[in-house]
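These notes are about the structure you will find just below.
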Amino acid sequence: MRIRELLKFNLIDYPGKISAVVFVPGCNYSCPACHAKKILNEESLIKEDDFFKYLGEARQWVNGVVLCGGEPTLEADLIPFARKLAAAGIPVKLDTNGSSPEVLERLLNEKLINYAAMDVKGPPRLLGSITGTLSVPAQAVKRSIRAVAGFPDYEYRTTIVPVIRDEGNISFLTPAELSDTARMITETTGSSGHKYYIQKFVPRKDGLLDKRLESFPETPLPLLEEMKAEAAKYLPECEIR
Ligand code: SF4
């Protein structure tokens with residue numbers, strides 16, 4: 001599998017684990033608020049053999065692997081790569097934008113992923129603007145939401161980003177829009193018992209995909225708290241992260 005970056009040691013990305021974090025290049029979305037896509041280009045890839053060599057050497061302290069990006073489910077070799085990790089007996093967390101439900105279902109059927117984390121970008125009517133991609137079918141997102149709930153451990157999360165609206169107006173995702181997002185998860189899975197994290201947008205001056213967002217402020221805490229109250233009506237385990 002193509003590996004663009006390797007974080008050899010991380011205590012945050014995989015809850016309860018000391019993980020090696022694998023970043024793949026490329027993503028099928030172009031979220032205006034993304035800071036990763038430009039960095040995770042296809043230059044200077046790390047060899048898969050070198051990654052497994054490192055993992056063998058580090059197994060005394062590394063007890064998990066995170067697959068993120070970019071979008072790992074676009075990688076043609078993701079399944080064989082995940083099989084190798086499963087054969088090595090190391091727990092794997094997958095971060096995904098949920099655009100490839102068929103890949104998630106294959107990973108699920110083969111029991112290759114221990115923890116799935118899916119970005120649910122927003123309600124169906126805003127998927128195009130939040131992902132900067134016109135062809136995001138809500139049905140595929142919902143199918144992925146259902147697949148994710150089948151993994152041994154999983155979470156959904158939404159970042160409260162500034163949304164570029166009609167006529168170029170920009171404003172944060174609203175509590176009503178987040179409420180619709182949480183409701184979609186509940187209705188799609190037929191359950192309200194899911195971990196759901198609301199994340200703040202953090203502005204970066206070093207290259208968001210849409211420069212208009214670079215000077216936008218961090219999501220204000222009172223807005224995050226209002227969001228949590230709305231989302232909790234559908235997903236009571238909702239937390240701000
Ligand atoms: S899904 Fe969006 S935020 Fe995530 S890597 Fe792709 S473009 Fe960036």
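Each chain in the structure tokens gets a letter, A, B and so on, in the order shown; residues start at 1 in every chain, and ligands are counted from 1 in the order they appear.
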
Inset, instruction - Using backbone DSSP assignments, extract all helix (DSSP H, G or I) residues from range 38-161 of chain A; output them as a PyMOL selection string. - result: chain A and resi 48-58+72-74+78-87+101-109+124-131+138-148

Just the residues within 12 Å of Ile240 in chain A, please, counting only C-alpha atoms, with nothing from its chain fewer than 4 positions along; format it as a tab-separated table (two decimals) with N, CA, C and O atoms, in the first residue's frame.
chain	number	residue	atom	x	y	z
A	157	ARG	N	-17.77	11.30	13.91
A	157	ARG	CA	-17.33	12.62	14.36
A	157	ARG	C	-17.64	13.66	13.28
A	157	ARG	O	-17.68	13.34	12.09
A	158	THR	N	-17.87	14.86	13.74
A	158	THR	CA	-18.15	15.96	12.82
A	158	THR	C	-17.33	17.16	13.27
A	158	THR	O	-17.34	17.51	14.46
A	159	THR	N	-16.62	17.75	12.33
A	159	THR	CA	-15.88	18.98	12.64
A	159	THR	C	-16.76	20.18	12.29
A	159	THR	O	-17.37	20.21	11.21
A	160	ILE	N	-16.84	21.12	13.21
A	160	ILE	CA	-17.72	22.28	13.01
A	160	ILE	C	-16.95	23.31	12.19
A	160	ILE	O	-16.32	24.24	12.72
A	195	LYS	N	-20.82	6.41	19.93
A	195	LYS	CA	-19.91	7.50	20.30
A	195	LYS	C	-19.94	8.54	19.17
A	195	LYS	O	-19.79	8.18	18.00
A	196	TYR	N	-20.10	9.80	19.56
A	196	TYR	CA	-20.16	10.86	18.55
A	196	TYR	C	-19.36	12.05	19.09
A	196	TYR	O	-19.63	12.53	20.20
A	197	TYR	N	-18.38	12.48	18.32
A	197	TYR	CA	-17.51	13.58	18.75
A	197	TYR	C	-17.72	14.80	17.87
A	197	TYR	O	-17.74	14.70	16.64
A	198	ILE	N	-17.84	15.93	18.54
A	198	ILE	CA	-17.92	17.21	17.84
A	198	ILE	C	-16.53	17.85	17.98
A	198	ILE	O	-16.02	18.00	19.09
A	199	GLN	N	-15.95	18.17	16.86
A	199	GLN	CA	-14.58	18.69	16.87
A	199	GLN	C	-14.57	20.14	16.42
A	199	GLN	O	-15.33	20.53	15.53
A	200	LYS	N	-13.65	20.91	17.00
A	200	LYS	CA	-13.58	22.30	16.57
A	200	LYS	C	-12.70	22.45	15.33
A	200	LYS	O	-11.74	21.70	15.14
A	201	PHE	N	-13.07	23.40	14.52
A	201	PHE	CA	-12.23	23.81	13.39
A	201	PHE	C	-11.11	24.68	13.96
A	201	PHE	O	-11.35	25.56	14.77
A	219	THR	N	-13.61	27.49	15.99
A	219	THR	CA	-15.02	27.37	16.39
A	219	THR	C	-15.18	27.80	17.86
A	219	THR	O	-14.53	27.23	18.74
A	220	PRO	N	-16.02	28.79	18.15
A	220	PRO	CA	-16.15	29.28	19.54
A	220	PRO	C	-16.75	28.20	20.46
A	220	PRO	O	-17.63	27.45	20.05
A	221	LEU	N	-16.25	28.18	21.70
A	221	LEU	CA	-16.71	27.17	22.66
A	221	LEU	C	-18.22	27.24	22.90
A	221	LEU	O	-18.89	26.19	22.94
A	222	PRO	N	-18.83	28.46	23.06
A	222	PRO	CA	-20.29	28.48	23.27
A	222	PRO	C	-21.05	27.81	22.13
A	222	PRO	O	-22.06	27.14	22.34
A	223	LEU	N	-20.55	27.96	20.89
A	223	LEU	CA	-21.20	27.31	19.74
A	223	LEU	C	-21.05	25.80	19.85
A	223	LEU	O	-22.01	25.05	19.61
A	224	LEU	N	-19.86	25.34	20.25
A	224	LEU	CA	-19.66	23.89	20.40
A	224	LEU	C	-20.60	23.33	21.46
A	224	LEU	O	-21.17	22.24	21.30
A	225	GLU	N	-20.81	24.10	22.55
A	225	GLU	CA	-21.69	23.61	23.62
A	225	GLU	C	-23.14	23.57	23.16
A	225	GLU	O	-23.88	22.64	23.48
A	226	GLU	N	-23.51	24.57	22.36
A	226	GLU	CA	-24.86	24.58	21.80
A	226	GLU	C	-25.05	23.38	20.85
A	226	GLU	O	-26.08	22.71	20.83
A	227	MET	N	-23.99	23.12	20.08
A	227	MET	CA	-24.01	21.99	19.15
A	227	MET	C	-24.18	20.67	19.92
A	227	MET	O	-24.96	19.80	19.52
A	228	LYS	N	-23.44	20.55	21.00
A	228	LYS	CA	-23.50	19.31	21.79
A	228	LYS	C	-24.92	19.09	22.30
A	228	LYS	O	-25.45	17.98	22.24
A	229	ALA	N	-25.55	20.16	22.79
A	229	ALA	CA	-26.91	20.03	23.32
A	229	ALA	C	-27.86	19.57	22.22
A	229	ALA	O	-28.75	18.74	22.45
A	231	ALA	N	-27.04	17.89	19.33
A	231	ALA	CA	-26.71	16.53	18.88
A	231	ALA	C	-27.13	15.49	19.92
A	231	ALA	O	-27.55	14.39	19.56
A	232	ALA	N	-27.03	15.86	21.19
A	232	ALA	CA	-27.33	14.90	22.26
A	232	ALA	C	-28.80	14.49	22.27
A	232	ALA	O	-29.16	13.46	22.84

Each chain A residue no farther than 9 Å from ligand 1, nearest pair in Å, only C-alpha atoms and all ligand atoms, as a tab-separated table:
residue	atom	partner	partner_atom_place_in_ligand_line	distance
A:Pro25	CA	ligand 1	5 (S)	8.9
A:Gly26	CA	ligand 1	5 (S)	7.5
A:Cys27	CA	ligand 1	6 (Fe)	4.7
A:Asn28	CA	ligand 1	6 (Fe)	6.3
A:Tyr29	CA	ligand 1	7 (S)	4.4
A:Ser30	CA	ligand 1	7 (S)	4.0
A:Cys31	CA	ligand 1	2 (Fe)	4.2
A:Pro32	CA	ligand 1	7 (S)	7.4
A:Ala33	CA	ligand 1	3 (S)	6.6
A:Cys34	CA	ligand 1	3 (S)	4.2
A:His35	CA	ligand 1	8 (Fe)	6.4
A:Ala36	CA	ligand 1	8 (Fe)	5.4
A:Lys37	CA	ligand 1	8 (Fe)	5.1
A:Lys38	CA	ligand 1	8 (Fe)	8.6
A:Leu40	CA	ligand 1	5 (S)	8.5
A:Cys68	CA	ligand 1	5 (S)	8.4
A:Gly69	CA	ligand 1	5 (S)	5.7
A:Gly70	CA	ligand 1	5 (S)	4.0
A:Glu71	CA	ligand 1	5 (S)	6.0
A:Thr96	CA	ligand 1	1 (S)	7.6
A:Asn97	CA	ligand 1	1 (S)	5.2
A:Gly98	CA	ligand 1	1 (S)	8.7
A:Ser99	CA	ligand 1	1 (S)	8.8
A:Asp119	CA	ligand 1	1 (S)	7.7
A:Lys121	CA	ligand 1	1 (S)	8.5
A:Ile130	CA	ligand 1	2 (Fe)	8.2
A:Thr131	CA	ligand 1	2 (Fe)	5.9
A:Gly132	CA	ligand 1	7 (S)	8.0
A:Leu209	CA	ligand 1	7 (S)	8.1

Keeping only N, CA and C atoms, write the selected residues as an mmCIF file, in the first residue's frame.
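New file again.cif:
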data_model
loop_
_atom_site.group_PDB
_atom_site.id
_atom_site.type_symbol
_atom_site.label_atom_id
_atom_site.label_comp_id
_atom_site.auth_asym_id
_atom_site.auth_seq_id
_atom_site.Cartn_x
_atom_site.Cartn_y
_atom_site.Cartn_z
ATOM 1 N N PRO A 25 -1.433 8.796 0.679
ATOM 2 C CA PRO A 25 -1.606 10.019 -0.110
ATOM 3 C C PRO A 25 -2.966 10.007 -0.804
ATOM 4 N N GLY A 26 -3.480 11.160 -1.082
ATOM 5 C CA GLY A 26 -4.655 11.251 -1.945
ATOM 6 C C GLY A 26 -5.976 11.147 -1.232
ATOM 7 N N CYS A 27 -6.928 11.887 -1.743
ATOM 8 C CA CYS A 27 -8.284 11.853 -1.208
ATOM 9 C C CYS A 27 -9.239 12.228 -2.336
ATOM 10 N N ASN A 28 -10.418 11.635 -2.318
ATOM 11 C CA ASN A 28 -11.403 11.939 -3.366
ATOM 12 C C ASN A 28 -12.255 13.165 -3.035
ATOM 13 N N TYR A 29 -12.111 13.696 -1.823
ATOM 14 C CA TYR A 29 -12.808 14.925 -1.464
ATOM 15 C C TYR A 29 -11.833 16.098 -1.553
ATOM 16 N N SER A 30 -12.393 17.289 -1.602
ATOM 17 C CA SER A 30 -11.578 18.516 -1.573
ATOM 18 C C SER A 30 -12.200 19.483 -0.582
ATOM 19 N N CYS A 31 -12.276 19.048 0.660
ATOM 20 C CA CYS A 31 -12.924 19.880 1.690
ATOM 21 C C CYS A 31 -12.216 21.228 1.780
ATOM 22 N N PRO A 32 -12.934 22.332 1.689
ATOM 23 C CA PRO A 32 -12.284 23.643 1.761
ATOM 24 C C PRO A 32 -11.442 23.817 3.032
ATOM 25 N N ALA A 33 -11.847 23.171 4.132
ATOM 26 C CA ALA A 33 -11.127 23.339 5.398
ATOM 27 C C ALA A 33 -9.964 22.361 5.564
ATOM 28 N N CYS A 34 -9.659 21.566 4.534
ATOM 29 C CA CYS A 34 -8.620 20.534 4.668
ATOM 30 C C CYS A 34 -7.215 21.138 4.660
ATOM 31 N N HIS A 35 -6.374 20.678 5.572
ATOM 32 C CA HIS A 35 -4.972 21.100 5.564
ATOM 33 C C HIS A 35 -4.056 19.956 5.118
ATOM 34 N N ALA A 36 -4.636 18.749 4.959
ATOM 35 C CA ALA A 36 -3.798 17.568 4.730
ATOM 36 C C ALA A 36 -3.569 17.262 3.251
ATOM 37 N N LYS A 37 -4.576 17.545 2.421
ATOM 38 C CA LYS A 37 -4.539 17.031 1.055
ATOM 39 C C LYS A 37 -3.316 17.523 0.273
ATOM 40 N N LYS A 38 -2.954 18.797 0.487
ATOM 41 C CA LYS A 38 -1.802 19.326 -0.267
ATOM 42 C C LYS A 38 -0.494 18.692 0.212
ATOM 43 N N LEU A 40 -0.204 15.695 1.698
ATOM 44 C CA LEU A 40 -0.164 14.254 1.425
ATOM 45 C C LEU A 40 -0.255 13.997 -0.078
ATOM 46 N N CYS A 68 -4.732 6.327 8.161
ATOM 47 C CA CYS A 68 -5.465 7.567 7.904
ATOM 48 C C CYS A 68 -4.869 8.257 6.686
ATOM 49 N N GLY A 69 -5.248 9.476 6.443
ATOM 50 C CA GLY A 69 -4.743 10.139 5.230
ATOM 51 C C GLY A 69 -5.048 11.615 5.249
ATOM 52 N N GLY A 70 -5.459 12.003 4.022
ATOM 53 C CA GLY A 70 -5.910 11.256 2.841
ATOM 54 C C GLY A 70 -7.070 10.305 3.173
ATOM 55 N N GLU A 71 -7.356 9.423 2.239
ATOM 56 C CA GLU A 71 -8.454 8.483 2.438
ATOM 57 C C GLU A 71 -7.976 7.056 2.167
ATOM 58 N N THR A 96 -11.804 7.207 8.199
ATOM 59 C CA THR A 96 -12.350 7.256 6.844
ATOM 60 C C THR A 96 -13.338 8.404 6.689
ATOM 61 N N ASN A 97 -13.457 8.864 5.434
ATOM 62 C CA ASN A 97 -14.493 9.854 5.139
ATOM 63 C C ASN A 97 -15.800 9.189 4.724
ATOM 64 N N GLY A 98 -15.818 7.871 4.685
ATOM 65 C CA GLY A 98 -17.069 7.143 4.443
ATOM 66 C C GLY A 98 -17.533 7.134 3.000
ATOM 67 N N SER A 99 -16.632 7.433 2.079
ATOM 68 C CA SER A 99 -17.065 7.498 0.671
ATOM 69 C C SER A 99 -17.041 6.140 -0.024
ATOM 70 N N ASP A 119 -15.673 10.270 9.601
ATOM 71 C CA ASP A 119 -16.072 11.679 9.540
ATOM 72 C C ASP A 119 -17.426 11.759 8.867
ATOM 73 N N LYS A 121 -19.577 14.397 7.577
ATOM 74 C CA LYS A 121 -19.236 15.804 7.320
ATOM 75 C C LYS A 121 -20.356 16.786 7.643
ATOM 76 N N ILE A 130 -19.426 21.099 1.928
ATOM 77 C CA ILE A 130 -18.424 20.799 2.976
ATOM 78 C C ILE A 130 -17.281 19.945 2.421
ATOM 79 N N THR A 131 -17.578 19.104 1.442
ATOM 80 C CA THR A 131 -16.509 18.256 0.886
ATOM 81 C C THR A 131 -15.880 18.866 -0.366
ATOM 82 N N GLY A 132 -16.433 19.976 -0.852
ATOM 83 C CA GLY A 132 -15.910 20.576 -2.081
ATOM 84 C C GLY A 132 -16.028 19.635 -3.270
ATOM 85 N N LEU A 209 -7.250 24.195 1.903
ATOM 86 C CA LEU A 209 -7.554 24.084 0.477
ATOM 87 C C LEU A 209 -8.249 25.338 -0.042
#

Legend entry - Backbone DSSP call of strand (DSSP E or B) for range 14-233 of chain A, listed as a PyMOL selection string: chain A and resi 19-23+46+64-68+92-96+115-119+153-160+162-164+170-172+196-200

Inset, instruction - For Glu5 in chain A, work out the shell of residues within 12 Å, counting only C-alpha atoms and skipping chain neighbours fewer than 5 positions away, then give it as a list of chain:residue names. - result: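 Result of the neighbour search: A:Ala20, A:Val21, A:Val22, A:Phe23, A:Val24, A:Pro25, A:Gly26, A:Ala36, A:Ile39, A:Leu40, A:Asn41, A:Glu42, A:Glu43, A:Ser44, A:Leu45, A:Ile46, A:Lys47, A:Glu48, A:Asp50, A:Phe51, A:Val66, A:Leu67, A:Cys68, A:Gly69, A:Gly70.
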
Inset, instruction - Could you give me, as a PyMOL selection string, the residues within 6 Å of range 174-190 of chain A, counting only C-alpha atoms and dropping anything in the same chain fewer than 2 positions from it? - result: chain A and resi 122-123+146+172+192+227+230-231+234

Could you dump the residues just selected with C-alpha atoms as a short mmCIF file (atom, residue, chain, number, x, y, z; two decimals), in the first residue's frame?
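Once everything was written out, this is part-v7.cif:
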data_model
loop_
_atom_site.label_atom_id
_atom_site.label_comp_id
_atom_site.auth_asym_id
_atom_site.auth_seq_id
_atom_site.Cartn_x
_atom_site.Cartn_y
_atom_site.Cartn_z
CA GLY A 122 -22.73 17.22 7.72
CA PRO A 123 -26.35 16.73 6.69
CA ARG A 146 -24.29 1.44 8.77
CA PHE A 172 -20.16 27.91 10.72
CA SER A 192 -28.82 6.25 19.33
CA MET A 227 -24.01 21.99 19.15
CA GLU A 230 -28.57 19.69 19.90
CA ALA A 231 -26.71 16.53 18.88
CA TYR A 234 -30.26 12.09 18.98
#

Inset, instruction - Would you mind reading off the distance between CA of Glu237 in chain A and CA of Tyr154 in chain A, one decimal, in Å? - result: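 The value is 12.7 Å.
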
Inset, instruction - Measure the distance from CA of Gly89 in chain A to CA of Gly64 in chain A in Å and round it to one decimal. - result: 9.5 Å

Legend entry - Residue nearest Gly128 in chain A - candidates A:Asp153, A:Ile164, A:Lys111, A:Glu57, atoms counted: only C-alpha atoms: A:Ile164

Inset, instruction - Have a look at A:Arg2, A:Arg204, A:Lys93, A:Arg125 and name the one nearest to Asp49 in chain A; count only C-alpha atoms. - result: A:Arg2

Inset, instruction - Kindly indicate which residue among A:Ser19, A:Leu112, A:Val163, A:Lys84 lies nearest to Arg212 in chain A, using only C-alpha atoms for the distances. - result: A:Val163

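For the set A:Gly150, A:Pro72, A:Pro80, A:Pro162, the residue with the smallest atom-to-atom gap to Asp210 in chain A is A:Pro162, counting only C-alpha atoms.
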
Legend entry - Near-Gln139 in chain A list (10 Å; only C-alpha atoms; drop same-chain fewer than 2 positions) as a PyMOL selection string: chain A and resi 99+101+124+136-137+141-145+188

Legend entry - From A:Leu126, A:Leu104, A:Leu74, A:Ala117, residue lying nearest Ala147 in chain A [only C-alpha atoms]: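 For Ala147 in chain A, the nearest of the given residues is A:Leu104.
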
Inset, instruction - Find the residues near Ile18 in chain A: any atom within 12 Å, counting only C-alpha atoms, skip ones fewer than 3 places away on the same chain, and give them as a VMD selection string. - result: chain A and resid 7 to 15 21 55 58 to 66 90 to 93

Inset, instruction - Mind giving me the straight-line distance from CA of Ser215 in chain A to CA of Val202 in chain A in Å, one decimal? - result: 10.2 Å
